[in-house]
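Some notes on the structure that comes next.
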Amino acid sequence: FYPSIILKMLSALKYIVLVSTVVSSSALSSPSKRVAVFGGTGFVGSAVCERLVKRGYDVTGVSRRGVNPREGDALLDQVKWVKGDATDKETVRKIINNSDAAVHAVGLLFDTESGLANLNTVVSGSGSLPGDDSTYDRITRLTMFNVIDAVEKKINLPFGNKGKFPLCFVSCAEAGWPDVAFGSQVEEKLAPEWLKKYLAAKRSVEEKLNSSSKIRAAIYRPSLIWDWTKFDVLPVIPVFNIASAVGVPFIDKTVRVETLADAIVQGIVDDDVVGVQRFMQIEALSKRDYNLFGQLIKL
């Protein structure tokens, strides 16, 4: 009698787990959740595309080239690659109208006015050179303003968070200098002119995002972003990390590109990811996981 009851209970439990797994998988990686990644062929963007595909999202990668940066990659081969200029409002509008969420990973460290544009072949993850009109204002501010404007005018609201559109923006740690001790002084007295323009573009985007009532904005402020192939920054990684560890307020710990990409995906997945994410939040987000019942496991 008792073994029979135990067997029935185990059978019922297996059924519950099976149903929960299906529901959880559907809720967390529904193919109906379409995500556009602007700058999808870049260092950060391609890593985000990989992880979104792995989660089961329908991913559109947008860039000037519109080609898979790693042909033959099992995950990136599943991305819909689109050649498009994000400085063009109509191009962005069409892409956003067919998306439920978006990531903006478009950017460059040295624009055409910095006098250092040729260094982008070294410091850029994709190794690309900026065009003649590639200024911080156009590449960072204008492209993201086009995305925000397209979302604001979008009629069909997406999943989650009371209808707000999930939008992740890759800013930079230095954009937060005014919020930390000695940050403003460092920027005013030590920052070169090109860096001030770079930060001005990032901050203008952050301000516009924060003023939107239709967007759930996740603003990522990484310091140096790296992996073991980034030989240009590897020598200074320990310097930044030690300075951050000993409490230098205007220097943040560096972030691996894999960590940042995982955190960005969580910004799409989780409705509670809102506002500025510094390195400590980025690291925490990258470690989030879920159990079979779709419940967040807090590590």
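We name chains A, B, ... following the order of the structure tokens; residues begin at 1 in each chain, and ligands are numbered from 1 as shown.
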7 Å contact set for Ile215 of chain A, only C-alpha atoms, chain neighbours under 6 positions out, as a PDB file with N, CA and C atoms, in the first residue's frame:
ATOM      1  N   LYS A 164       6.750  48.560 -20.432  1.00  0.00           N
ATOM      2  CA  LYS A 164       7.914  49.359 -20.775  1.00  0.00           C
ATOM      3  C   LYS A 164       8.882  48.558 -21.649  1.00  0.00           C
ATOM      4  N   PHE A 165       9.517  49.251 -22.563  1.00  0.00           N
ATOM      5  CA  PHE A 165      10.419  48.623 -23.528  1.00  0.00           C
ATOM      6  C   PHE A 165      11.807  48.452 -22.903  1.00  0.00           C
ATOM      7  N   PRO A 166      12.309  47.212 -22.794  1.00  0.00           N
ATOM      8  CA  PRO A 166      13.650  46.998 -22.233  1.00  0.00           C
ATOM      9  C   PRO A 166      14.727  47.496 -23.200  1.00  0.00           C
ATOM     10  N   LEU A 167      15.560  48.415 -22.741  1.00  0.00           N
ATOM     11  CA  LEU A 167      16.610  48.988 -23.580  1.00  0.00           C
ATOM     12  C   LEU A 167      17.900  49.097 -22.772  1.00  0.00           C
TER      13      LEU A 167
END
Handout entry: Per-residue DSSP, segment 34-240 of chain A, filtered to strand (DSSP E or B), as a ChimeraX atom specification
Key = /A:34-38,58-63,80-83,101-104,165-170,215-220,225-226
Save out the residues we just selected, N, CA and C atoms, as a compact mmCIF listing (two decimals), in the first residue's frame.
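Result file follows (selection_39.txt):
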# COMPACT_ATOMS: atom_id res chain seq x y z
N ARG A 34 11.80 39.28 -29.44
CA ARG A 34 12.75 39.69 -30.48
C ARG A 34 13.63 40.83 -29.96
N VAL A 35 14.92 40.63 -30.07
CA VAL A 35 15.87 41.63 -29.54
C VAL A 35 16.76 42.13 -30.67
N ALA A 36 16.84 43.45 -30.80
CA ALA A 36 17.75 44.07 -31.76
C ALA A 36 19.01 44.51 -31.02
N VAL A 37 20.16 44.16 -31.58
CA VAL A 37 21.43 44.56 -30.99
C VAL A 37 22.14 45.49 -31.98
N PHE A 38 22.14 46.77 -31.66
CA PHE A 38 22.83 47.75 -32.48
C PHE A 38 24.31 47.72 -32.13
N ASP A 58 15.04 35.63 -30.49
CA ASP A 58 15.13 35.90 -31.93
C ASP A 58 15.95 37.19 -32.04
N VAL A 59 17.20 37.09 -32.52
CA VAL A 59 18.14 38.20 -32.44
C VAL A 59 18.43 38.79 -33.81
N THR A 60 18.37 40.12 -33.88
CA THR A 60 18.77 40.85 -35.07
C THR A 60 20.01 41.67 -34.73
N GLY A 61 21.09 41.42 -35.45
CA GLY A 61 22.33 42.17 -35.23
C GLY A 61 22.46 43.25 -36.29
N VAL A 62 22.59 44.49 -35.86
CA VAL A 62 22.63 45.63 -36.77
C VAL A 62 24.02 46.26 -36.74
N SER A 63 24.57 46.52 -37.92
CA SER A 63 25.86 47.19 -37.99
C SER A 63 26.05 47.77 -39.38
N LYS A 80 20.07 37.15 -37.19
CA LYS A 80 19.71 37.80 -38.44
C LYS A 80 20.57 39.05 -38.56
N TRP A 81 21.53 39.04 -39.48
CA TRP A 81 22.45 40.16 -39.61
C TRP A 81 21.90 41.17 -40.61
N VAL A 82 21.82 42.41 -40.18
CA VAL A 82 21.23 43.48 -40.99
C VAL A 82 22.25 44.59 -41.18
N LYS A 83 22.45 44.98 -42.43
CA LYS A 83 23.30 46.12 -42.73
C LYS A 83 22.46 47.38 -42.60
N ALA A 101 12.71 44.33 -27.57
CA ALA A 101 13.73 44.87 -26.68
C ALA A 101 14.94 45.20 -27.54
N ALA A 102 15.86 46.00 -26.99
CA ALA A 102 17.03 46.38 -27.78
C ALA A 102 18.24 46.60 -26.88
N VAL A 103 19.41 46.45 -27.52
CA VAL A 103 20.70 46.72 -26.88
C VAL A 103 21.46 47.68 -27.77
N HIS A 104 22.03 48.72 -27.18
CA HIS A 104 22.86 49.67 -27.93
C HIS A 104 24.31 49.48 -27.49
N PHE A 165 9.52 49.25 -22.56
CA PHE A 165 10.42 48.62 -23.53
C PHE A 165 11.81 48.45 -22.90
N PRO A 166 12.31 47.21 -22.79
CA PRO A 166 13.65 47.00 -22.23
C PRO A 166 14.73 47.50 -23.20
N LEU A 167 15.56 48.41 -22.74
CA LEU A 167 16.61 48.99 -23.58
C LEU A 167 17.90 49.10 -22.77
N CYS A 168 18.92 48.39 -23.23
CA CYS A 168 20.21 48.38 -22.54
C CYS A 168 21.21 49.25 -23.30
N PHE A 169 21.89 50.11 -22.57
CA PHE A 169 22.85 51.04 -23.17
C PHE A 169 24.21 50.84 -22.52
N VAL A 170 25.24 50.69 -23.36
CA VAL A 170 26.60 50.55 -22.86
C VAL A 170 27.22 51.94 -22.77
N ILE A 215 10.34 53.51 -21.48
CA ILE A 215 11.52 52.66 -21.57
C ILE A 215 11.96 52.20 -20.19
N ARG A 216 12.27 50.90 -20.07
CA ARG A 216 12.97 50.41 -18.88
C ARG A 216 14.44 50.38 -19.24
N ALA A 217 15.14 51.40 -18.82
CA ALA A 217 16.54 51.57 -19.23
C ALA A 217 17.50 50.93 -18.24
N ALA A 218 18.39 50.11 -18.77
CA ALA A 218 19.51 49.57 -17.99
C ALA A 218 20.77 50.19 -18.56
N ILE A 219 21.45 50.99 -17.76
CA ILE A 219 22.62 51.74 -18.21
C ILE A 219 23.87 51.12 -17.60
N TYR A 220 24.71 50.56 -18.46
CA TYR A 220 25.90 49.86 -17.99
C TYR A 220 27.11 50.79 -18.07
N ILE A 225 37.01 47.21 -20.78
CA ILE A 225 36.37 45.94 -21.13
C ILE A 225 37.43 45.09 -21.83
N TRP A 226 37.58 43.84 -21.41
CA TRP A 226 38.67 43.05 -21.97
C TRP A 226 38.36 41.56 -22.03
Handout entry: 10 Å contact set for Lys94 of chain A, only C-alpha atoms, chain neighbours under 4 positions out, as an MDAnalysis selection string
Key = chainID A and resid 89:90 98:99 150 154
Exercise for the section: Take atom CA of Ala47 of chain A and atom CA of Arg65 of chain A and report the distance between them in Å, one decimal. Expected result: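 Between atom CA of Ala47 of chain A and atom CA of Arg65 of chain A the gap works out to 16.8 Å.
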Exercise for the section: Would you kindly return, as a ChimeraX atom specification, each protein, DNA or RNA residue with an atom no farther than 8 Å from any atom of Gln78 of chain A, considering only C-alpha atoms and excluding same-chain residues fewer than 3 positions away? Expected result: /A:53,59,74-75
Exercise for the section: Return as a VMD selection string the full set of residues in segment 247-291 of chain A whose backbone-based DSSP assignment is alpha helix (DSSP H). Expected result: chain A and resid 257 to 269 279 to 286
Exercise for the section: Fewer than 5 positions away in the same chain doesn't count, so skip those; otherwise give me all residues within 8 Å of Asp85 of chain A, counting only C-alpha atoms, as a list in words. Expected result: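 Surrounding residues, per the criterion: Ser63, Arg64, Thr91 and Val92 of chain A.
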Exercise for the section: Using only C-alpha atoms, pick whichever of A:Pro222, A:Gly183, A:Pro69, A:Gly176 has the shortest atom-to-atom distance to Ile264 of chain A. Expected result: A:Pro222
Handout entry: Given only C-alpha atoms as the counted atoms, nearest of A:Leu76, A:Ala245, A:Leu52, A:Ala181 to Lys33 of chain A
Key =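 Using only C-alpha atoms, Lys33 of chain A sits closest to A:Leu52.
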Problem - Selection: 12 Å around Val257 of chain A, only C-alpha atoms, excl. self and same-chain fewer than 5 positions, as a list in words - result: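 Near Val257 of chain A, the qualifying residues are Gly42, Phe43, Val44, Gly45, Ser46, Ala47, Val48, Arg51, Ala105, Gly125, Val170, Pro222, Ser223, Leu224, Ile225, Trp226, Asp227, Trp228, Thr229, Lys230, Asp262, Ala263, Ile264, Phe279, Ile282, Glu283 and Ser286 of chain A.
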Exercise for the section: Please provide as a list in words all residues within 9 Å of Ser134 of chain A, with the sequence filter that same-chain residues fewer than 2 positions apart are discarded (counting only C-alpha atoms). Expected result: Leu108, Asp111, Thr112, Glu113, Pro130, Gly131, Asp132, Tyr136, Asp137, Arg138 and Ile139 of chain A
